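Chemist: Here it is, the structure, as structure tokens.
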Amino acid sequence: MPKKVLQGKIALVAGATRGAGRGIAIALGEAGATVYCTGRSSRKHARGRTATPGRPETIEETAELVTAAGGHGIAVRVDHTEPAEVKKLVALIKRHHKGLDILVNDVWGGDALTEFGKTFWTVNLDNGLRMLKQAIHSHIITSHFAVPLMLGRKKGIIFEITDGDAFYYRGNLFYDLVKISVIRLAFAMARELRKKDIVSVALTPGFLRSEAVLDHFGVSEANWKDAGKKNRANAGNQNDAGPDFLVSESPRYVGRAVVALASDPKVKKKTGRVFSSWALAKEYGFTDLNGTQPHWGNYARKKYGKYKTCDERFYSYWVPGLIEMIFPDWF
């Protein structure tokens with residue numbers, strides 16, 4: 001992928017502290033973008049304590065990594081569930097850069113709240129409702145305030161980061177609602193933006209080698225393959241089989257998928273859809289940090305069985321919709 005393909009572009013990665021958000025922010029930096037890295041975990045917050053218990057990562061670290069990669073990282077502490085804080089952030093971006101080209105909605109924070117394999121009438125209800133606020137409401141709030149900054153630019157793109165490129169059930173009612181809802185958000189925003197020069201897509205990584213997952217396996221990015229030698233089966237509440245981990249991908253992989261889409265002059269054809277890092281790698285030719293192209297989809301089908309993705313046929317049932325035919329001039 002050519003370097004600095006996003007030189008001069010302004011990006012906001014909401015939820016850039018760690019995991020996919022950090023990988024995306026750094027990849028945007030590799031491509032030369034100016035990246036606002038937002039989240040709640042800051043060196044300046046609560047005497048250095050991060051907002052996520054047990055995790056040391058901060059938005060300032062991410063911003064520094066963005067700059068080291070060749071971009072310009074700017075850390076701003078924001079709670080994206082608070083409209084006033086997001087409105088203040090957008091005003092800051094407008095004041096300093098006049099507009100916004102790339103919006104990445106990656107706010108999550110639901111790992112500790114998810115009880116996989118438990119029925120909806122037995123899970124902790126407060127945690128489930130909190131998950132919806134953190135990972136759906138935050139995305140809507142951020143897009144509400146940020147998209148006006150994207151209007152009038154030559155080309156804008158919104159990314160909704162999800163888990164999975166299919167409509168299957170995801171093992172916990174609240175987790176399922178979050179991941180399906182952001183796919184639907186990408187679609188709904190695309191319908192309202194279809195006459196504007198702004199694209200909206202959902203994007204999923206595969207088995208993500210996040211900081212927390214590396215810690216869970218007791219390895220680092222430098223020796224992560226050692227964990228694959230432990231041929232254990234999945235635990236009851238999470239996917240941690242050693243062989244599966246060998247098909248994992250670094251957070252930079254989905255970040256390079258973001259760059260590929262953001263720099264594609266024909267990306268409008270993809271608006272409203274959900275895509276995977278592995279399929280986009282095959283299409284655009286980018287690689288992970290180690291030069292490989294891990295393909296979680298092919299691996300999962302071979303090991304666990306075939307499943308249907310949200311492909312062209314799937315979306316053909318969504319467009320055109322009845323309301324759009326009755327009221328074609330609404331948007």
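Residue numbering restarts at 1 for every chain of the structure tokens, chains are lettered A, B, ... in their displayed order, and ligands are numbered from 1 as they appear.
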So that I can check the secondary structure, give me every residue of range 23-261 of chain A assigned strand (DSSP E) by backbone DSSP, as a list in words.

Modeler: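 Residues of range 23-261 of chain A classed as strand (DSSP E): Thr34, Val35, Tyr36, Cys37, Thr38, Gly39, His72, Gly73, Ile74, Ala75, Val76, Arg77, Ile102, Leu103, Val104, Asn105, Gly156, Ile157, Ile158, Phe159, Glu160, Ile161, Ile198, Val199, Ser200, Val201, Ala202, Leu203 and Thr204 of chain A.
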
Chemist: Excluding range 123-127 of chain A and any residue of its chain fewer than 4 positions from it, enumerate the residues within 10 Å of it, using only C-alpha atoms, and give them as a PDB file with N, CA, C and O atoms, in the first residue's frame.

Modeler:
```pdb
ATOM      1  N   GLY A 110     -17.081  -3.310  26.567  1.00  0.00           N
ATOM      2  CA  GLY A 110     -18.071  -4.241  27.069  1.00  0.00           C
ATOM      3  C   GLY A 110     -17.565  -5.617  27.453  1.00  0.00           C
ATOM      4  O   GLY A 110     -18.352  -6.474  27.866  1.00  0.00           O
ATOM      5  N   ALA A 112     -15.864  -6.769  30.018  1.00  0.00           N
ATOM      6  CA  ALA A 112     -16.122  -7.136  31.416  1.00  0.00           C
ATOM      7  C   ALA A 112     -17.614  -7.230  31.727  1.00  0.00           C
ATOM      8  O   ALA A 112     -17.999  -7.769  32.768  1.00  0.00           O
ATOM      9  N   LEU A 113     -18.448  -6.708  30.838  1.00  0.00           N
ATOM     10  CA  LEU A 113     -19.893  -6.696  31.070  1.00  0.00           C
ATOM     11  C   LEU A 113     -20.607  -7.869  30.418  1.00  0.00           C
ATOM     12  O   LEU A 113     -21.786  -8.106  30.687  1.00  0.00           O
ATOM     13  N   THR A 114     -19.903  -8.603  29.551  1.00  0.00           N
ATOM     14  CA  THR A 114     -20.530  -9.668  28.765  1.00  0.00           C
ATOM     15  C   THR A 114     -20.456 -11.015  29.476  1.00  0.00           C
ATOM     16  O   THR A 114     -19.378 -11.431  29.904  1.00  0.00           O
ATOM     17  N   GLU A 115     -21.590 -11.682  29.590  1.00  0.00           N
ATOM     18  CA  GLU A 115     -21.657 -13.016  30.176  1.00  0.00           C
ATOM     19  C   GLU A 115     -22.085 -13.993  29.082  1.00  0.00           C
ATOM     20  O   GLU A 115     -23.266 -14.278  28.901  1.00  0.00           O
ATOM     21  N   PHE A 116     -21.109 -14.473  28.330  1.00  0.00           N
ATOM     22  CA  PHE A 116     -21.410 -15.366  27.215  1.00  0.00           C
ATOM     23  C   PHE A 116     -22.023 -16.675  27.714  1.00  0.00           C
ATOM     24  O   PHE A 116     -21.651 -17.206  28.759  1.00  0.00           O
ATOM     25  N   GLY A 117     -22.979 -17.192  26.934  1.00  0.00           N
ATOM     26  CA  GLY A 117     -23.576 -18.476  27.243  1.00  0.00           C
ATOM     27  C   GLY A 117     -24.634 -18.452  28.330  1.00  0.00           C
ATOM     28  O   GLY A 117     -25.173 -19.500  28.687  1.00  0.00           O
ATOM     29  N   LYS A 118     -24.973 -17.270  28.851  1.00  0.00           N
ATOM     30  CA  LYS A 118     -26.020 -17.155  29.867  1.00  0.00           C
ATOM     31  C   LYS A 118     -27.276 -16.564  29.232  1.00  0.00           C
ATOM     32  O   LYS A 118     -27.198 -15.683  28.395  1.00  0.00           O
ATOM     33  N   THR A 119     -28.421 -17.047  29.645  1.00  0.00           N
ATOM     34  CA  THR A 119     -29.685 -16.576  29.085  1.00  0.00           C
ATOM     35  C   THR A 119     -29.983 -15.144  29.504  1.00  0.00           C
ATOM     36  O   THR A 119     -29.516 -14.676  30.550  1.00  0.00           O
ATOM     37  N   MET A 131     -23.906  -1.774  28.692  1.00  0.00           N
ATOM     38  CA  MET A 131     -23.234  -2.111  27.444  1.00  0.00           C
ATOM     39  C   MET A 131     -23.880  -1.412  26.257  1.00  0.00           C
ATOM     40  O   MET A 131     -23.190  -0.901  25.365  1.00  0.00           O
ATOM     41  N   LEU A 132     -25.206  -1.392  26.234  1.00  0.00           N
ATOM     42  CA  LEU A 132     -25.913  -0.717  25.146  1.00  0.00           C
ATOM     43  C   LEU A 132     -25.573   0.766  25.115  1.00  0.00           C
ATOM     44  O   LEU A 132     -25.381   1.349  24.046  1.00  0.00           O
ATOM     45  N   LYS A 133     -25.502   1.388  26.290  1.00  0.00           N
ATOM     46  CA  LYS A 133     -25.172   2.809  26.362  1.00  0.00           C
ATOM     47  C   LYS A 133     -23.748   3.067  25.888  1.00  0.00           C
ATOM     48  O   LYS A 133     -23.498   3.981  25.113  1.00  0.00           O
ATOM     49  N   ASN A 172     -24.700 -13.857  23.470  1.00  0.00           N
ATOM     50  CA  ASN A 172     -25.186 -13.084  24.614  1.00  0.00           C
ATOM     51  C   ASN A 172     -26.108 -12.012  24.055  1.00  0.00           C
ATOM     52  O   ASN A 172     -25.751 -11.325  23.088  1.00  0.00           O
ATOM     53  N   LEU A 173     -27.295 -11.866  24.627  1.00  0.00           N
ATOM     54  CA  LEU A 173     -28.288 -10.973  24.043  1.00  0.00           C
ATOM     55  C   LEU A 173     -27.775  -9.545  23.874  1.00  0.00           C
ATOM     56  O   LEU A 173     -27.959  -8.921  22.826  1.00  0.00           O
ATOM     57  N   PHE A 174     -27.145  -9.008  24.896  1.00  0.00           N
ATOM     58  CA  PHE A 174     -26.698  -7.616  24.832  1.00  0.00           C
ATOM     59  C   PHE A 174     -25.506  -7.452  23.889  1.00  0.00           C
ATOM     60  O   PHE A 174     -25.429  -6.489  23.129  1.00  0.00           O
TER      61      PHE A 174
END
```

Chemist: Hey, can you check how far CA of Ile102 in chain A sits from CA of Gly156 in chain A?

Modeler: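 Separation between CA of Ile102 in chain A and CA of Gly156 in chain A: 5.8 Å.
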
Chemist: Let me make sure I understand: among A:Ile157, A:Ala75, A:Val5, A:Ala260, which one has the smallest atom-to-atom distance to Ala186 in chain A if we use only C-alpha atoms?

Modeler: A:Ile157

Chemist: Using CA of Lys303 in chain A and CA of Leu261 in chain A as the two end points, give the distance in Å to one decimal.

Modeler: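 CA of Lys303 in chain A sits 29.4 Å away from CA of Leu261 in chain A.
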
Chemist: From the set A:Ile136, A:Met189, A:Asn298, A:Lys229, which residue has the shortest atom-to-atom contact distance to Gly206 in chain A, counting only C-alpha atoms?

Modeler: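 Between A:Ile136, A:Met189, A:Asn298, A:Lys229, the residue approaching Gly206 in chain A most closely is A:Asn298.
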
Chemist: Show which residues sit within 10 Å of Ser210 in chain A, as a PyMOL selection string. Count only C-alpha atoms, and ignore same-chain residues fewer than 3 positions away.

Modeler: chain A and resi 18-23+207+213-216+220-221+248-252

Chemist: As a PyMOL selection string, which residues of range 95-174 of chain A does DSSP assign to helix (DSSP H, G or I)?

Modeler: chain A and resi 95-97+111-113+125-150+173-174

Chemist: Given the choices A:Gly272, A:Gly109, A:Gly128, A:Gly99, which gets closest to Lys9 in chain A if the distance is worked out from only C-alpha atoms?

Modeler: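 Counting only C-alpha atoms, the residue closest to Lys9 in chain A is A:Gly99.
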
Chemist: Give me, please, the distance in Å between CA of Arg273 in chain A and CA of Ala202 in chain A, quoted to one decimal.

Modeler: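 Going from CA of Arg273 in chain A over to CA of Ala202 in chain A, I get 6.2 Å.
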
Chemist: Check the smallest atom-to-atom distance from each of A:Leu151, A:Leu12, A:Ala166, A:Leu280 to Ala63 in chain A using only C-alpha atoms, then report the winner.

Modeler: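 Among the listed residues, the smallest separation from Ala63 in chain A belongs to A:Leu12.
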
Chemist: Excluding same-chain residues fewer than 3 positions from range 308-314 of chain A, what lies within 9 Å of it counting only C-alpha atoms, as number ranges by chain?

Modeler: A: 164-168, 273-275, 317-318

Chemist: Nearest residue to Ile93 in chain A out of A:Tyr169, A:Gln293, A:Lys3, A:Leu149, using only C-alpha atoms?

Modeler: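 So, comparing all the options, the nearest one is A:Leu149.
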
Chemist: When you count only C-alpha atoms, which of these residues is closest to Phe286 in chain A: A:Ala257, A:Ile140, A:Ala262, A:Ala84?

Modeler: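 Counting only C-alpha atoms, the residue closest to Phe286 in chain A is A:Ala257.
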